[in-house]
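Structure file query04.txt; described as compact mmCIF, C-alpha atoms.
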# COMPACT_ATOMS: atom_id res chain seq x y z
CA MET A 55 14.00 -6.44 -17.55
CA ASP A 56 12.42 -7.73 -20.72
CA GLY A 57 12.64 -11.34 -19.61
CA VAL A 58 10.54 -10.80 -16.51
CA VAL A 59 7.93 -8.73 -18.32
CA GLN A 60 7.56 -11.36 -21.01
CA LEU A 61 7.27 -14.14 -18.47
CA GLN A 62 4.68 -12.19 -16.52
CA ARG A 63 2.69 -11.59 -19.67
CA GLN A 64 2.85 -15.29 -20.49
CA LEU A 65 1.60 -16.06 -16.98
CA VAL A 66 -1.27 -13.58 -17.16
CA ASP A 67 -2.31 -14.86 -20.59
CA TYR A 68 -2.15 -18.49 -19.55
CA THR A 69 -4.14 -17.83 -16.38
CA ALA A 70 -6.74 -15.90 -18.36
CA SER A 71 -7.08 -18.75 -20.83
CA LEU A 72 -7.80 -21.22 -18.04
CA PHE A 73 -10.68 -19.04 -16.90
CA HIS A 74 -11.85 -18.41 -20.42
CA GLU A 75 -11.95 -22.12 -21.27
CA GLY A 76 -13.89 -22.88 -18.09
CA PHE A 77 -11.17 -24.87 -16.37
CA LEU A 78 -11.07 -22.46 -13.46
CA ASP A 79 -13.75 -20.29 -11.90
CA GLU A 80 -13.95 -17.40 -9.46
CA GLN A 81 -13.14 -19.63 -6.48
CA PHE A 82 -9.57 -19.99 -7.78
CA ASN A 83 -9.26 -16.21 -7.64
CA GLN A 84 -10.52 -16.31 -4.07
CA LEU A 85 -7.73 -18.72 -3.20
CA GLN A 86 -5.12 -16.51 -4.84
CA GLN A 87 -6.38 -13.59 -2.77
CA LEU A 88 -5.66 -15.65 0.35
CA GLN A 89 -2.00 -16.01 -0.60
CA ASP A 90 0.48 -13.42 0.64
CA GLU A 91 4.12 -12.97 1.68
CA ASN A 92 3.43 -14.88 4.91
CA ASN A 93 1.75 -17.75 3.06
CA PRO A 94 3.39 -17.70 -0.37
CA ASP A 95 2.62 -21.34 -1.13
CA PHE A 96 -0.98 -21.46 -0.03
CA VAL A 97 -2.50 -22.13 -3.44
CA VAL A 98 0.05 -24.80 -4.34
CA GLU A 99 -0.56 -26.47 -0.97
CA VAL A 100 -4.32 -26.54 -1.33
CA VAL A 101 -4.11 -27.76 -4.92
CA SER A 102 -1.67 -30.51 -3.86
CA LEU A 103 -4.19 -31.66 -1.28
CA PHE A 104 -6.81 -31.63 -4.01
CA PHE A 105 -4.62 -33.80 -6.26
CA GLU A 106 -4.04 -36.34 -3.46
CA ASP A 107 -7.67 -36.41 -2.47
CA SER A 108 -8.92 -36.72 -6.05
CA GLU A 109 -6.58 -39.55 -6.97
CA ARG A 110 -7.68 -41.47 -3.90
CA LEU A 111 -11.34 -40.90 -4.76
CA LEU A 112 -10.91 -41.84 -8.42
CA ASN A 113 -9.29 -45.12 -7.35
CA GLU A 114 -12.11 -45.82 -4.94
CA LEU A 115 -14.65 -45.09 -7.66
CA ALA A 116 -12.99 -47.45 -10.12
CA LYS A 117 -12.94 -50.22 -7.52
CA ALA A 118 -16.54 -49.65 -6.51
CA LEU A 119 -17.73 -49.86 -10.11
CA GLU A 120 -15.89 -53.16 -10.62
CA GLN A 121 -17.89 -54.88 -7.90
CA GLN A 122 -20.43 -57.56 -8.72
CA SER A 123 -23.03 -55.67 -6.81
CA VAL A 124 -22.48 -51.96 -7.28
CA ASP A 125 -22.98 -49.84 -4.17
CA PHE A 126 -24.42 -46.65 -5.68
CA LYS A 127 -24.74 -44.94 -2.34
CA ARG A 128 -21.06 -45.32 -1.70
CA ILE A 129 -20.21 -44.17 -5.21
CA ASP A 130 -22.45 -41.14 -4.80
CA ALA A 131 -20.72 -40.30 -1.52
CA HIS A 132 -17.31 -40.39 -3.22
CA VAL A 133 -18.49 -38.29 -6.16
CA HIS A 134 -20.04 -35.82 -3.73
CA GLN A 135 -16.66 -35.47 -2.01
CA LEU A 136 -14.88 -34.97 -5.31
CA LYS A 137 -17.44 -32.43 -6.40
CA GLY A 138 -16.95 -30.60 -3.11
CA SER A 139 -13.20 -30.38 -3.27
CA SER A 140 -13.14 -29.42 -6.93
CA SER A 141 -15.61 -26.66 -6.14
CA SER A 142 -13.41 -25.50 -3.27
CA ILE A 143 -10.43 -24.91 -5.54
CA GLY A 144 -12.41 -23.62 -8.51
CA ALA A 145 -11.88 -26.64 -10.76
CA GLN A 146 -15.06 -25.93 -12.65
CA ARG A 147 -14.98 -28.60 -15.35
CA VAL A 148 -14.20 -31.36 -12.87
CA GLN A 149 -17.05 -30.13 -10.70
CA LYS A 150 -19.47 -30.17 -13.64
CA ALA A 151 -18.42 -33.68 -14.60
CA CYS A 152 -19.18 -34.77 -11.03
CA ILE A 153 -22.67 -33.29 -11.20
CA ALA A 154 -23.43 -35.38 -14.29
CA PHE A 155 -21.97 -38.42 -12.56
CA ARG A 156 -24.31 -38.03 -9.58
CA ASN A 157 -27.32 -38.07 -11.87
CA TYR A 158 -26.34 -41.53 -13.12
CA CYS A 159 -25.83 -42.66 -9.52
CA ASP A 160 -29.38 -41.57 -8.74
CA GLU A 161 -30.59 -43.66 -11.66
CA GLN A 162 -28.44 -46.60 -10.50
CA ASN A 163 -27.09 -46.79 -14.02
CA THR A 164 -23.75 -48.68 -14.00
CA GLU A 165 -23.02 -48.06 -17.67
CA GLY A 166 -23.68 -44.37 -17.28
CA CYS A 167 -21.52 -44.24 -14.18
CA LEU A 168 -18.61 -45.91 -15.94
CA LYS A 169 -18.81 -43.37 -18.75
CA CYS A 170 -18.95 -40.54 -16.24
CA LEU A 171 -15.97 -41.89 -14.37
CA GLN A 172 -13.99 -41.77 -17.61
CA GLN A 173 -15.16 -38.23 -18.18
CA VAL A 174 -14.24 -37.12 -14.66
CA LYS A 175 -10.83 -38.80 -14.97
CA HIS A 176 -10.29 -37.02 -18.25
CA GLU A 177 -11.24 -33.62 -16.84
CA TYR A 178 -9.16 -34.19 -13.75
CA SER A 179 -6.14 -35.14 -15.79
CA LEU A 180 -6.48 -32.01 -17.94
CA MET A 181 -6.91 -29.86 -14.84
CA LYS A 182 -3.84 -31.34 -13.22
CA THR A 183 -1.67 -30.74 -16.27
CA LYS A 184 -2.88 -27.17 -16.64
CA LEU A 185 -2.38 -26.32 -12.98
CA GLU A 186 1.09 -27.82 -13.02
CA THR A 187 1.90 -25.68 -16.05
CA LEU A 188 0.50 -22.63 -14.27
CA PHE A 189 2.62 -23.25 -11.19
CA LYS A 190 5.71 -23.79 -13.37
CA LEU A 191 5.12 -20.43 -15.05
CA GLN A 192 4.69 -18.79 -11.65
CA ARG A 193 7.98 -20.26 -10.46
CA ARG A 194 9.74 -18.95 -13.58
CA VAL A 195 8.39 -15.47 -12.95
CA LEU A 196 9.55 -15.57 -9.35
CA ALA A 197 12.95 -16.96 -10.31
CA ALA A 198 13.37 -14.11 -12.79
CA GLY A 199 12.77 -11.66 -9.96
CA GLY A 200 9.20 -10.83 -10.84
CA SER A 201 6.07 -11.21 -8.76
CA ILE A 202 2.86 -13.06 -9.42
CA PRO A 203 0.18 -10.56 -10.36
CA LYS A 204 -2.77 -10.74 -7.98
CA PRO A 205 -6.19 -11.26 -9.52
CA ILE A 206 -8.37 -8.18 -9.81
CA MET B 157 -3.06 -21.03 28.87
CA GLU B 158 0.39 -22.61 28.51
CA ILE B 159 -0.67 -25.66 30.50
CA ALA B 160 -3.90 -26.04 28.60
CA GLY B 161 -1.93 -25.79 25.38
CA GLU B 162 0.39 -28.61 26.40
CA VAL B 163 -2.48 -30.88 27.38
CA LEU B 164 -4.13 -30.08 24.07
CA ARG B 165 -1.07 -31.10 22.08
CA ARG B 166 -0.58 -34.32 24.00
CA SER B 167 -4.05 -35.72 24.06
CA LEU B 168 -5.63 -34.68 20.81
CA PRO B 169 -5.06 -36.67 17.64
CA GLU B 170 -2.85 -35.28 14.91
CA GLU B 171 -5.60 -34.18 12.62
CA VAL B 172 -6.58 -31.39 14.94
CA GLY B 173 -4.93 -28.21 13.80
CA VAL B 174 -4.77 -25.57 16.46
CA SER B 175 -3.43 -22.12 15.96
CA TYR B 176 -2.70 -19.69 18.72
CA GLY B 177 -2.78 -16.08 17.71
CA SER B 178 0.12 -13.88 18.68
CA SER B 179 -2.09 -11.14 20.10
CA SER B 180 -3.90 -11.43 23.43
CA ASP B 181 -6.25 -14.38 23.61
CA SER B 182 -9.23 -12.43 24.81
CA GLU B 183 -9.27 -10.21 21.72
CA GLU B 184 -9.11 -12.80 18.98
CA LEU B 185 -12.16 -14.83 18.07
CA HIS B 186 -11.70 -18.54 18.40
CA VAL B 187 -13.48 -20.54 15.76
CA LEU B 188 -13.98 -24.29 15.81
CA ALA B 189 -14.21 -25.51 12.21
CA VAL B 190 -15.55 -28.98 11.47
CA ASP B 191 -15.19 -30.55 8.02
CA ASP B 192 -14.28 -34.04 6.80
CA SER B 193 -12.59 -32.68 3.66
CA TYR B 194 -8.84 -31.90 3.91
CA VAL B 195 -9.12 -29.34 1.16
CA ASP B 196 -12.01 -27.52 2.80
CA ARG B 197 -10.34 -27.55 6.21
CA LYS B 198 -7.24 -25.96 4.74
CA VAL B 199 -9.27 -23.28 2.99
CA ILE B 200 -11.48 -22.44 5.97
CA GLU B 201 -8.43 -22.30 8.24
CA ARG B 202 -6.80 -19.78 5.92
CA LEU B 203 -9.98 -17.74 5.54
CA LEU B 204 -10.26 -17.51 9.31
CA ARG B 205 -6.59 -16.81 10.02
CA ILE B 206 -6.45 -14.09 7.40
CA SER B 207 -9.44 -12.61 9.22
CA SER B 208 -7.43 -12.63 12.47
CA CYS B 209 -9.26 -15.50 14.11
CA LYS B 210 -7.82 -18.38 16.03
CA VAL B 211 -8.80 -21.64 14.42
CA THR B 212 -9.18 -25.19 15.65
CA ALA B 213 -9.99 -27.40 12.67
CA VAL B 214 -11.27 -30.92 13.24
CA GLU B 215 -12.39 -33.62 10.84
CA SER B 216 -15.61 -34.81 12.44
CA GLY B 217 -18.48 -34.06 14.78
CA THR B 218 -17.08 -36.62 17.19
CA ARG B 219 -13.74 -34.80 17.34
CA ALA B 220 -15.56 -31.50 17.77
CA LEU B 221 -17.48 -32.86 20.76
CA GLN B 222 -14.26 -34.28 22.19
CA PHE B 223 -12.64 -30.88 21.86
CA LEU B 224 -15.54 -29.24 23.66
CA GLY B 225 -15.54 -31.96 26.29
CA LEU B 226 -19.08 -32.97 25.39
CA ASP B 227 -18.45 -36.51 24.31
CA GLY B 228 -19.33 -37.96 27.71
CA GLU B 229 -16.05 -39.89 27.91
CA LYS B 230 -14.77 -40.22 31.45
CA ASN B 231 -11.24 -39.42 30.41
CA SER B 232 -11.91 -36.48 28.13
CA VAL B 233 -10.72 -33.09 29.19
CA GLY B 234 -13.04 -30.27 28.37
CA PHE B 235 -11.16 -27.43 26.77
CA SER B 236 -13.80 -24.91 27.65
CA ASP B 237 -11.02 -22.70 28.99
CA LEU B 238 -10.18 -22.13 25.35
CA LYS B 239 -13.36 -20.23 24.75
CA VAL B 240 -14.98 -20.96 21.41
CA ASN B 241 -16.79 -17.98 19.94
CA LEU B 242 -18.13 -19.62 16.80
CA ILE B 243 -18.58 -23.10 15.40
CA MET B 244 -18.58 -23.59 11.64
CA THR B 245 -19.51 -27.06 10.53
CA ASP B 246 -19.97 -28.85 7.24
CA TYR B 247 -23.38 -30.44 6.87
CA SER B 248 -22.58 -33.72 5.06
CA MET B 249 -20.03 -35.66 7.03
CA PRO B 250 -19.74 -39.42 7.55
CA GLY B 251 -20.81 -40.57 11.00
CA MET B 252 -22.24 -37.49 12.67
CA THR B 253 -23.71 -34.91 10.29
CA GLY B 254 -23.38 -31.19 10.91
CA TYR B 255 -27.06 -31.16 11.76
CA GLU B 256 -26.58 -33.82 14.46
CA LEU B 257 -23.61 -31.89 15.83
CA LEU B 258 -25.72 -28.73 15.89
CA LYS B 259 -28.40 -30.50 17.91
CA LYS B 260 -25.90 -31.81 20.44
CA ILE B 261 -24.43 -28.34 20.90
CA LYS B 262 -27.82 -26.71 21.33
CA GLU B 263 -28.81 -29.40 23.84
CA SER B 264 -25.81 -28.55 25.99
CA SER B 265 -26.24 -25.90 28.66
CA ALA B 266 -22.56 -25.03 28.49
CA PHE B 267 -22.35 -24.52 24.74
CA ARG B 268 -25.81 -23.71 23.43
CA GLU B 269 -25.06 -19.98 23.33
CA ILE B 270 -22.21 -20.45 20.87
CA PRO B 271 -23.35 -19.49 17.39
CA VAL B 272 -23.24 -22.43 15.00
CA VAL B 273 -23.00 -21.91 11.26
CA ILE B 274 -23.71 -24.74 8.85
CA MET B 275 -21.84 -24.96 5.54
CA SER B 276 -23.05 -27.07 2.68
CA SER B 277 -22.32 -27.46 -1.00
CA GLU B 278 -26.00 -28.20 -1.55
CA ASN B 279 -28.56 -25.44 -1.57
CA ILE B 280 -31.53 -27.50 -0.34
CA LEU B 281 -34.28 -25.42 1.20
CA ALA B 282 -35.61 -28.19 3.45
CA ARG B 283 -32.11 -28.69 4.79
CA ILE B 284 -31.64 -24.97 5.39
CA ASP B 285 -34.98 -24.81 7.20
CA ARG B 286 -34.14 -27.72 9.44
CA CYS B 287 -30.83 -26.22 10.46
CA LEU B 288 -32.24 -22.80 11.16
CA GLU B 289 -35.09 -24.38 13.12
CA GLU B 290 -32.59 -26.22 15.24
CA GLY B 291 -30.86 -22.96 16.09
CA ALA B 292 -28.16 -22.53 13.48
CA GLU B 293 -27.15 -18.92 13.13
CA GLU B 294 -26.73 -19.13 9.42
CA PHE B 295 -26.48 -21.55 6.55
CA ILE B 296 -23.70 -20.84 4.05
CA VAL B 297 -23.58 -22.46 0.65
CA LYS B 298 -20.03 -23.55 -0.18
CA PRO B 299 -17.53 -22.52 -1.25
CA VAL B 300 -17.21 -20.18 1.73
CA LYS B 301 -15.87 -16.77 0.77
CA LEU B 302 -13.81 -14.23 2.64
CA SER B 303 -16.84 -11.92 2.67
CA ASP B 304 -18.83 -14.63 4.51
CA VAL B 305 -16.16 -14.88 7.20
CA LYS B 306 -15.92 -11.10 7.51
CA ARG B 307 -19.68 -10.86 7.91
CA LEU B 308 -19.73 -13.58 10.57
CA LYS B 309 -16.87 -11.98 12.44
CA ASP B 310 -18.58 -8.58 12.47
CA PHE B 311 -21.77 -10.17 13.73
CA ILE B 312 -20.01 -11.88 16.64
CA MET B 313 -17.76 -8.95 17.51
CA LYS B 314 -20.79 -6.70 17.89
CA GLY B 315 -21.53 -8.55 21.10
CA ASP B 316 -24.60 -10.33 22.41
CA GLY B 317 -26.77 -7.74 24.10
CA GLU B 318 -26.84 -5.08 21.46
CA GLU B 319 -27.08 -7.46 18.55
CA LYS B 320 -29.89 -9.53 20.03
CA GLY B 321 -31.93 -6.39 20.53
CA LYS B 322 -31.36 -5.38 16.94
CA ARG B 323 -32.22 -8.83 15.68
CA THR B 324 -35.50 -8.93 17.56
CA ILE B 325 -36.54 -5.70 15.93
CA LEU B 326 -35.43 -7.05 12.57
CA LYS B 327 -37.52 -10.20 13.09
CA ARG B 328 -40.67 -8.25 13.89
CA LYS B 329 -40.18 -5.98 10.92
CA MET B 330 -39.63 -8.96 8.62
CA GLN B 331 -42.85 -10.57 9.75
CA ASP B 332 -44.69 -7.43 8.76
CA ASP B 333 -43.00 -7.38 5.40
CA ILE B 334 -43.46 -11.05 4.52
CA PHE B 335 -44.99 -10.66 1.13
CA SER B 336 -42.90 -7.75 0.01
CA LEU B 337 -39.69 -9.75 0.52
CA SER B 338 -39.82 -11.66 -2.71
CA SER B 339 -39.93 -8.45 -4.67
CA GLN B 340 -37.10 -6.86 -2.65
CA PHE B 341 -34.59 -9.59 -3.25
CA PRO B 342 -33.73 -10.48 -6.82
CA ALA B 343 -33.13 -14.11 -5.87
CA SER B 344 -33.69 -17.06 -8.15
CA ASN B 345 -37.29 -17.85 -8.98
CA SER B 346 -37.39 -21.06 -6.99
CA VAL B 347 -36.26 -19.29 -3.82
CA SER B 348 -38.83 -16.49 -4.27
CA SER B 349 -41.72 -18.87 -4.59
CA GLU B 350 -40.49 -20.83 -1.59
CA LEU B 351 -40.39 -17.62 0.42
CA GLU B 352 -44.04 -16.92 -0.22
CA SER B 353 -45.23 -20.36 0.73
CA SER B 354 -43.04 -20.99 3.77
CA THR B 355 -43.99 -20.34 7.38
CA PRO B 356 -43.34 -16.78 8.63
CA LEU B 357 -41.47 -17.99 11.72
CA TYR B 358 -38.28 -18.72 9.79
CA LEU B 359 -38.66 -16.07 7.17
CA SER B 360 -36.73 -13.61 9.29
CA LYS B 361 -33.62 -15.72 8.90
CA ARG B 362 -33.91 -16.21 5.14
CA PRO B 363 -32.84 -12.74 4.06
CA LYS B 364 -29.38 -13.40 5.50
CA LEU B 365 -28.85 -16.06 2.85
CA LEU B 366 -29.86 -13.76 0.04
CA ASN B 367 -27.80 -10.85 1.30
CA ARG B 368 -24.53 -12.65 0.74
CA GLY B 369 -23.59 -10.14 -1.92
structure tokens encoding of this file:
Amino acid sequence: MDGVVQLQRQLVDYTASLFHEGFLDEQFNQLQQLQDENNPDFVVEVVSLFFEDSERLLNELAKALEQQSVDFKRIDAHVHQLKGSSSSIGAQRVQKACIAFRNYCDEQNTEGCLKCLQQVKHEYSLMKTKLETLFKLQRRVLAAGGSIPKPI
Amino acid sequence: MEIAGEVLRRSLPEEVGVSYGSSSDSEELHVLAVDDSYVDRKVIERLLRISSCKVTAVESGTRALQFLGLDGEKNSVGFSDLKVNLIMTDYSMPGMTGYELLKKIKESSAFREIPVVIMSSENILARIDRCLEEGAEEFIVKPVKLSDVKRLKDFIMKGDGEEKGKRTILKRKMQDDIFSLSSQFPASNSVSSELESSTPLYLSKRPKLLNRG
């Protein structure tokens, strides 16, 4: 059916663009490989956990940077966690933004940290939108009777 | 096993995820995974289950010790009936680090033989050295891949006697080949130079890191 083929092509192209633009890296492929008929929602589940975790951490970071006396150790710990979970799902740009953030923590530079927080929030927000679009496309393919192509 | 299972469900906190394989218990490897990150626990659980391992995933070193019955609490029940074949722990965790957990396990006569693998997102040589020195089987830089799990599983399935013999031979050979190692492995420059200057004793373990493929 033309509809399914077109949708699948759209999905493949969109996925490829996310890799090409550096939003996703190889780790995301690894996660897709772990999904099968017995665990058809694995990737969505892990990514949902990532969204929850990240939003919690971003809130904590904002609060910590508002304090009179900034606790850089605590901030670094939060950024480290965010860096870890973004790495685990292949959210490459978020991960990179976290690396830059940690450098400013090391320098105990509040101004730098605030800028980095904005950058990380921005990257996270982009990532979230793109992944939600990806999952929507996948659902459309499945609804049309097609299957999600597995990464090579 | 049924009774042990019931006790497990009743007394352990909710964050412990236990899976019981459908095939006979003695054939499936049972891995205790320790990580404070929800995301990482979910991923490691899946990696292990897809590799036909039973998984118990806990969020901290304290919980891990409770599970093993090593926490010294009067009321704790040791679940050593549920034999653990491998422990995989994150390094950086609040409270007890993976390194501290490793030490406690290696200090215990009941559990010191269980291979412990440390996982870390940071590739810090001093950290790797410390863990290997303390008896960690391997140090894996995150994110953990399916190939890492497969490799670990093969290593454990091979069995103690045979594998230990092979490893001893490998160690002796490596000590002979110390200075040819850096040319054999096309690792990053910093790792190569570290190899040449580090003590031979732990060199035998290093190649495992580079052979991740």
*Work out how far CA of Gln89 in chain A is from CA of Lys239 in chain B, in Å to one decimal.*
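The value is 28.1 Å.
Using all atoms listed in the file, the contacts of Pro205 in chain A at a cut-off of 8 Å, with sequence neighbours closer than 3 positions omitted, comprise Asn83, Gln86 and Gln87 of chain A.
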*Counting all atoms listed in the file, collect the residues of chain A whose closest atom lies at most 12 Å from chain B, and write them out as a PyMOL selection string.*
chain A and resi 79-90+92-93+95-108+111+128+131-132+134-145+149+153
*In Å, with one decimal, what is the gap from CA of Ile261 in chain B to CA of Leu308 in chain B?*
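Straight-line distance from CA of Ile261 in chain B to CA of Leu308 in chain B works out to 18.6 Å.
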*Minimum-distance residue to Ala197 in chain A, chosen among A:Gln62, A:Asn113, A:Ser123, A:Ser179 (using only C-alpha atoms)*: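 Between A:Gln62, A:Asn113, A:Ser123, A:Ser179, the residue approaching Ala197 in chain A most closely is A:Gln62.
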*State, in Å with one decimal place, the distance from CA of Asp191 in chain B to CA of Ser216 in chain B.*
6.2 Å
*Could you name the residues that touch Leu168 in chain A at 9 Å or less, counting all atoms listed in the file, but leaving out those on the same chain fewer than 3 positions away, as a ChimeraX atom specification?*
/A:116,119,155,163-165,171-173
*With distances taken over only C-alpha atoms, which of A:Leu72, A:Val58, A:Val66, A:Ala154 is nearest to Val133 in chain A?*
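Among the listed residues, the smallest separation from Val133 in chain A belongs to A:Ala154.
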Could you work out an axis-aligned box for range 108-126 of chain A, taking every atom the file lists and adding 3 Å on each side, and report centre and edge lengths in Å to one decimal, as lines of an AutoDock Vina configuration file?
center_x = -15.5
center_y = -47.1
center_z = -7.3
size_x = 23.8
size_y = 26.8
size_z = 12.7
*Could you name the residues that touch Glu256 in chain B at 10 Å or less, counting all atoms listed in the file, but leaving out those on the same chain fewer than 5 positions away, as a ChimeraX atom specification?*
/B:217,247,251,261-262,287,290
*So which residues touch Gln192 in chain A within 9 Å, counting all atoms listed in the file, skipping near sequence neighbours fewer than 5 positions away, as a ChimeraX atom specification?*
/A:61-62,65,187,197,201-202
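In terms of minimum interatomic distance to Ser71 in chain A, A:Lys184 ranks closest within A:Gln122, A:Cys159, A:Lys184, A:His176, counting only C-alpha atoms.
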